[in-house]
Structure formats: C-alpha cells, structure tokens
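Quick look at start_28.cif (mmCIF, N, CA and C atoms):
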```cif
data_run
loop_
_atom_site.label_atom_id
_atom_site.label_comp_id
_atom_site.auth_asym_id
_atom_site.auth_seq_id
_atom_site.Cartn_x
_atom_site.Cartn_y
_atom_site.Cartn_z
N MET L 4 -5.17 -15.16 -7.76
CA MET L 4 -6.49 -15.72 -7.73
C MET L 4 -7.33 -14.93 -6.74
N CYS L 5 -8.61 -15.08 -6.87
CA CYS L 5 -9.53 -14.32 -6.03
C CYS L 5 -10.55 -15.29 -5.41
N THR L 6 -10.78 -15.17 -4.12
CA THR L 6 -11.75 -16.03 -3.46
C THR L 6 -13.16 -15.55 -3.74
N ALA L 7 -14.13 -16.36 -3.38
CA ALA L 7 -15.53 -16.00 -3.56
C ALA L 7 -15.89 -14.73 -2.78
N GLU L 8 -15.14 -14.49 -1.69
CA GLU L 8 -15.39 -13.30 -0.86
C GLU L 8 -14.69 -12.07 -1.42
N GLY L 9 -13.93 -12.22 -2.51
CA GLY L 9 -13.24 -11.09 -3.11
C GLY L 9 -11.84 -10.85 -2.58
N ARG L 10 -11.30 -11.80 -1.83
CA ARG L 10 -9.95 -11.67 -1.28
C ARG L 10 -8.93 -12.17 -2.31
N ASN L 11 -7.90 -11.38 -2.56
CA ASN L 11 -6.86 -11.76 -3.51
C ASN L 11 -5.80 -12.61 -2.84
N LEU L 12 -5.37 -13.65 -3.55
CA LEU L 12 -4.32 -14.54 -3.09
C LEU L 12 -3.33 -14.72 -4.23
N VAL L 13 -2.10 -15.07 -3.89
CA VAL L 13 -1.08 -15.34 -4.90
C VAL L 13 -0.48 -16.71 -4.61
N PHE L 14 -0.43 -17.57 -5.63
CA PHE L 14 0.23 -18.86 -5.52
C PHE L 14 1.53 -18.79 -6.29
N VAL L 15 2.64 -19.05 -5.62
CA VAL L 15 3.97 -18.95 -6.22
C VAL L 15 4.57 -20.34 -6.30
N GLU L 16 4.97 -20.74 -7.52
CA GLU L 16 5.66 -22.00 -7.71
C GLU L 16 7.13 -21.70 -7.93
N GLY L 17 7.98 -22.44 -7.26
CA GLY L 17 9.41 -22.21 -7.41
C GLY L 17 10.20 -23.48 -7.21
N GLN L 18 11.46 -23.42 -7.55
CA GLN L 18 12.33 -24.57 -7.43
C GLN L 18 12.46 -25.04 -5.99
N GLY L 19 12.42 -24.11 -5.05
CA GLY L 19 12.54 -24.45 -3.64
C GLY L 19 11.23 -24.86 -2.99
N GLY L 20 10.15 -24.85 -3.75
CA GLY L 20 8.84 -25.22 -3.23
C GLY L 20 7.78 -24.21 -3.62
N ASP L 21 6.57 -24.54 -3.31
CA ASP L 21 5.43 -23.68 -3.63
C ASP L 21 4.95 -22.99 -2.36
N ARG L 22 4.27 -21.86 -2.55
CA ARG L 22 3.70 -21.19 -1.38
C ARG L 22 2.50 -20.35 -1.79
N LEU L 23 1.61 -20.18 -0.85
CA LEU L 23 0.42 -19.38 -1.03
C LEU L 23 0.59 -18.10 -0.22
N ILE L 24 0.47 -16.96 -0.87
CA ILE L 24 0.63 -15.68 -0.21
C ILE L 24 -0.76 -15.10 0.00
N SER L 25 -1.07 -14.75 1.25
CA SER L 25 -2.41 -14.24 1.56
C SER L 25 -2.40 -12.88 2.25
N ARG L 26 -1.26 -12.44 2.76
CA ARG L 26 -1.21 -11.13 3.42
C ARG L 26 -1.41 -10.03 2.38
N PRO L 27 -2.36 -9.14 2.63
CA PRO L 27 -2.68 -8.11 1.62
C PRO L 27 -1.47 -7.30 1.14
N GLY L 28 -0.57 -6.95 2.02
CA GLY L 28 0.61 -6.17 1.61
C GLY L 28 1.50 -6.96 0.67
N GLN L 29 1.72 -8.22 0.99
CA GLN L 29 2.55 -9.07 0.13
C GLN L 29 1.86 -9.36 -1.20
N VAL L 30 0.56 -9.57 -1.16
CA VAL L 30 -0.20 -9.79 -2.39
C VAL L 30 -0.08 -8.56 -3.29
N GLY L 31 -0.23 -7.39 -2.72
CA GLY L 31 -0.10 -6.14 -3.49
C GLY L 31 1.28 -6.00 -4.10
N ASP L 32 2.31 -6.35 -3.34
CA ASP L 32 3.68 -6.30 -3.87
C ASP L 32 3.85 -7.24 -5.06
N MET L 33 3.27 -8.44 -4.96
CA MET L 33 3.37 -9.41 -6.05
C MET L 33 2.63 -8.93 -7.29
N PHE L 34 1.46 -8.31 -7.10
CA PHE L 34 0.72 -7.77 -8.23
C PHE L 34 1.52 -6.66 -8.91
N ASP L 35 2.17 -5.81 -8.11
CA ASP L 35 3.02 -4.75 -8.67
C ASP L 35 4.18 -5.33 -9.46
N LEU L 36 4.84 -6.34 -8.90
CA LEU L 36 5.98 -6.97 -9.57
C LEU L 36 5.54 -7.62 -10.88
N PHE L 37 4.41 -8.31 -10.86
CA PHE L 37 3.90 -8.94 -12.08
C PHE L 37 3.59 -7.89 -13.14
N GLY L 38 3.05 -6.77 -12.73
CA GLY L 38 2.76 -5.70 -13.67
C GLY L 38 4.02 -5.15 -14.32
N ILE L 39 5.07 -5.01 -13.53
CA ILE L 39 6.36 -4.54 -14.07
C ILE L 39 6.91 -5.54 -15.07
N LEU L 40 6.85 -6.83 -14.72
CA LEU L 40 7.35 -7.86 -15.64
C LEU L 40 6.55 -7.88 -16.94
N ARG L 41 5.23 -7.75 -16.83
CA ARG L 41 4.40 -7.74 -18.03
C ARG L 41 4.72 -6.54 -18.91
N ALA L 42 4.99 -5.41 -18.30
CA ALA L 42 5.29 -4.21 -19.07
C ALA L 42 6.61 -4.34 -19.83
N GLN L 43 7.54 -5.11 -19.30
CA GLN L 43 8.85 -5.27 -19.92
C GLN L 43 8.91 -6.44 -20.90
N ALA L 44 7.93 -7.31 -20.87
CA ALA L 44 7.95 -8.51 -21.69
C ALA L 44 7.64 -8.20 -23.15
N LEU L 45 8.20 -9.02 -24.01
CA LEU L 45 7.89 -8.93 -25.43
C LEU L 45 6.56 -9.62 -25.69
N ASN L 46 5.93 -9.27 -26.80
CA ASN L 46 4.71 -10.00 -27.15
C ASN L 46 5.11 -11.38 -27.70
N PRO L 47 4.18 -12.32 -27.77
CA PRO L 47 4.52 -13.69 -28.19
C PRO L 47 5.14 -13.76 -29.58
N TRP L 48 4.71 -12.90 -30.51
CA TRP L 48 5.23 -12.96 -31.87
C TRP L 48 6.68 -12.48 -31.92
N LYS L 49 7.00 -11.44 -31.17
CA LYS L 49 8.38 -10.94 -31.13
C LYS L 49 9.28 -11.96 -30.44
N SER L 50 8.80 -12.58 -29.38
CA SER L 50 9.56 -13.62 -28.69
C SER L 50 9.87 -14.77 -29.65
N ALA L 51 8.85 -15.23 -30.40
CA ALA L 51 9.04 -16.32 -31.35
C ALA L 51 10.04 -15.94 -32.42
N GLU L 52 9.98 -14.71 -32.88
CA GLU L 52 10.92 -14.22 -33.90
C GLU L 52 12.36 -14.28 -33.39
N ILE L 53 12.58 -13.84 -32.18
CA ILE L 53 13.93 -13.86 -31.59
C ILE L 53 14.42 -15.29 -31.42
N ILE L 54 13.55 -16.17 -30.94
CA ILE L 54 13.93 -17.58 -30.75
C ILE L 54 14.30 -18.21 -32.10
N GLU L 55 13.49 -17.96 -33.11
CA GLU L 55 13.79 -18.53 -34.43
C GLU L 55 15.10 -17.99 -34.98
N THR L 56 15.36 -16.71 -34.82
CA THR L 56 16.61 -16.11 -35.28
C THR L 56 17.80 -16.73 -34.57
N LYS L 57 17.71 -16.88 -33.27
CA LYS L 57 18.82 -17.49 -32.51
C LYS L 57 19.00 -18.95 -32.88
N ALA L 58 17.91 -19.68 -33.11
CA ALA L 58 18.01 -21.09 -33.49
C ALA L 58 18.72 -21.24 -34.83
N ARG L 59 18.45 -20.34 -35.77
CA ARG L 59 19.12 -20.39 -37.09
C ARG L 59 20.60 -20.10 -36.95
N GLN L 60 20.99 -19.35 -35.94
CA GLN L 60 22.40 -18.98 -35.75
C GLN L 60 23.22 -20.12 -35.13
N LEU L 61 22.56 -21.14 -34.64
CA LEU L 61 23.28 -22.26 -33.99
C LEU L 61 23.96 -23.14 -35.01
#
```

Now that the file is in, can you turn its structure into structure tokens?
Amino acid sequence: MCTAEGRNLVFVEGQGGDRLISRPGQVGDMFDLFGILRAQALNPWKSAEIIETKARQL
C-alpha cells in the first residue's frame, strides 16, 4: 500500500499474526519477493485446469 505522502508500506497476514512493515529496505525486499512469486505463478485459467484435472483423479 502507499500513503498519501507516497511512502510504501507492506501489510503481512500470517498464521502467527499480522504485521505492518514500514522500513524502506524491508518493504523493498517484500516487493522483490512478491515479484518473484508472481513471475512463477500460473495464470488463473491454468490453475483452474490443474485443479479440475486433480479433482477428477480423486
């Protein structure tokens, strides 16, 4: 998320609790990690296809 002043923040939800990351270095690391995950992710249609195939195999 981005504040009105243009400062980037990251809100992380997890099983152990939630946290707000505001340190620029940590925010940058999280943006990099998210970019890597997005690059490796399948598109929604391919994901649905795999789920349907696996469900039929049950």

Practice item. DSSP on the backbone, then: every residue of chain L marked strand (DSSP E), written as a ChimeraX atom specification. Key: /L:13-17,20-24

Exercise for review: Please identify which residues in chain L DSSP calls helix (DSSP H, G or I) from the backbone, and express them as a PyMOL selection string.
Suggested key: chain L and resi 27-43+47-60

Review point. Expressed in Å to a single decimal, how great is the separation between atom N of L:Cys5 and atom CA of L:Gly31?
Key: 12.8 Å

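Taken over the shown file, the PyMOL selection byres (((chain L and resi 33-47 and name CA) around 10) and name CA) identifies Asn11, Leu12, Val13, Phe14, Val15, Ile24, Pro27, Gly28, Gln29, Val30, Gly31, Asp32, Trp48, Lys49, Ser50, Ala51, Glu52 and Ile53 of chain L.
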
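Between atom N of L:Arg22 and atom C of L:Arg10 lies a distance of 16.4 Å.
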
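Going from atom CA of L:Asp21 over to atom CA of L:Thr6, you cover 18.8 Å.
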
Completion step: stretch 31-42 of chain L with all heavy atoms as a short mmCIF file (atom, residue, chain, number, x, y, z; two decimals), in the frame of the given file:
```
data_model
loop_
_atom_site.label_atom_id
_atom_site.label_comp_id
_atom_site.auth_asym_id
_atom_site.auth_seq_id
_atom_site.Cartn_x
_atom_site.Cartn_y
_atom_site.Cartn_z
N GLY L 31 -0.23 -7.39 -2.72
CA GLY L 31 -0.10 -6.14 -3.49
C GLY L 31 1.28 -6.00 -4.10
O GLY L 31 1.41 -5.61 -5.27
N ASP L 32 2.31 -6.35 -3.34
CA ASP L 32 3.68 -6.30 -3.87
C ASP L 32 3.85 -7.24 -5.06
O ASP L 32 4.48 -6.90 -6.06
CB ASP L 32 4.70 -6.66 -2.79
CG ASP L 32 4.82 -5.60 -1.70
OD1 ASP L 32 4.34 -4.47 -1.91
OD2 ASP L 32 5.39 -5.92 -0.64
N MET L 33 3.27 -8.44 -4.96
CA MET L 33 3.37 -9.41 -6.05
C MET L 33 2.63 -8.93 -7.29
O MET L 33 3.10 -9.10 -8.41
CB MET L 33 2.85 -10.77 -5.59
CG MET L 33 3.68 -11.41 -4.49
SD MET L 33 5.42 -11.65 -4.91
CE MET L 33 5.29 -13.03 -6.00
N PHE L 34 1.46 -8.31 -7.10
CA PHE L 34 0.72 -7.77 -8.23
C PHE L 34 1.52 -6.66 -8.91
O PHE L 34 1.57 -6.58 -10.13
CB PHE L 34 -0.64 -7.22 -7.78
CG PHE L 34 -1.73 -8.25 -7.78
CD1 PHE L 34 -1.91 -9.08 -6.69
CD2 PHE L 34 -2.58 -8.37 -8.86
CE1 PHE L 34 -2.92 -10.03 -6.69
CE2 PHE L 34 -3.60 -9.32 -8.87
CZ PHE L 34 -3.77 -10.16 -7.77
N ASP L 35 2.17 -5.81 -8.11
CA ASP L 35 3.02 -4.75 -8.67
C ASP L 35 4.18 -5.33 -9.46
O ASP L 35 4.48 -4.88 -10.58
CB ASP L 35 3.56 -3.84 -7.57
CG ASP L 35 2.48 -3.00 -6.91
OD1 ASP L 35 1.38 -2.89 -7.47
OD2 ASP L 35 2.75 -2.47 -5.80
N LEU L 36 4.84 -6.34 -8.90
CA LEU L 36 5.98 -6.97 -9.57
C LEU L 36 5.54 -7.62 -10.88
O LEU L 36 6.19 -7.47 -11.91
CB LEU L 36 6.62 -8.02 -8.65
CG LEU L 36 7.79 -8.81 -9.23
CD1 LEU L 36 8.92 -7.88 -9.63
CD2 LEU L 36 8.27 -9.83 -8.22
N PHE L 37 4.41 -8.31 -10.86
CA PHE L 37 3.90 -8.94 -12.08
C PHE L 37 3.59 -7.89 -13.14
O PHE L 37 3.88 -8.09 -14.32
CB PHE L 37 2.66 -9.77 -11.76
CG PHE L 37 2.14 -10.52 -12.95
CD1 PHE L 37 2.84 -11.58 -13.49
CD2 PHE L 37 0.94 -10.15 -13.53
CE1 PHE L 37 2.36 -12.27 -14.60
CE2 PHE L 37 0.44 -10.82 -14.64
CZ PHE L 37 1.16 -11.88 -15.17
N GLY L 38 3.05 -6.77 -12.73
CA GLY L 38 2.76 -5.70 -13.67
C GLY L 38 4.02 -5.15 -14.32
O GLY L 38 4.05 -4.88 -15.52
N ILE L 39 5.07 -5.01 -13.53
CA ILE L 39 6.36 -4.54 -14.07
C ILE L 39 6.91 -5.54 -15.07
O ILE L 39 7.37 -5.17 -16.16
CB ILE L 39 7.37 -4.29 -12.92
CG1 ILE L 39 6.92 -3.10 -12.08
CG2 ILE L 39 8.77 -4.08 -13.46
CD1 ILE L 39 7.66 -2.95 -10.77
N LEU L 40 6.85 -6.83 -14.72
CA LEU L 40 7.35 -7.86 -15.64
C LEU L 40 6.55 -7.88 -16.94
O LEU L 40 7.11 -8.01 -18.02
CB LEU L 40 7.29 -9.23 -14.96
CG LEU L 40 8.27 -9.44 -13.82
CD1 LEU L 40 7.98 -10.77 -13.12
CD2 LEU L 40 9.70 -9.41 -14.32
N ARG L 41 5.23 -7.75 -16.83
CA ARG L 41 4.40 -7.74 -18.03
C ARG L 41 4.72 -6.54 -18.91
O ARG L 41 4.74 -6.64 -20.14
CB ARG L 41 2.92 -7.71 -17.65
CG ARG L 41 2.40 -9.02 -17.16
CD ARG L 41 0.93 -8.97 -16.90
NE ARG L 41 0.23 -8.71 -18.16
CZ ARG L 41 -1.04 -8.35 -18.23
NH1 ARG L 41 -1.75 -8.19 -17.15
NH2 ARG L 41 -1.60 -8.15 -19.39
N ALA L 42 4.99 -5.41 -18.30
CA ALA L 42 5.29 -4.21 -19.07
C ALA L 42 6.61 -4.34 -19.83
O ALA L 42 6.77 -3.75 -20.91
CB ALA L 42 5.34 -2.99 -18.15
#
```
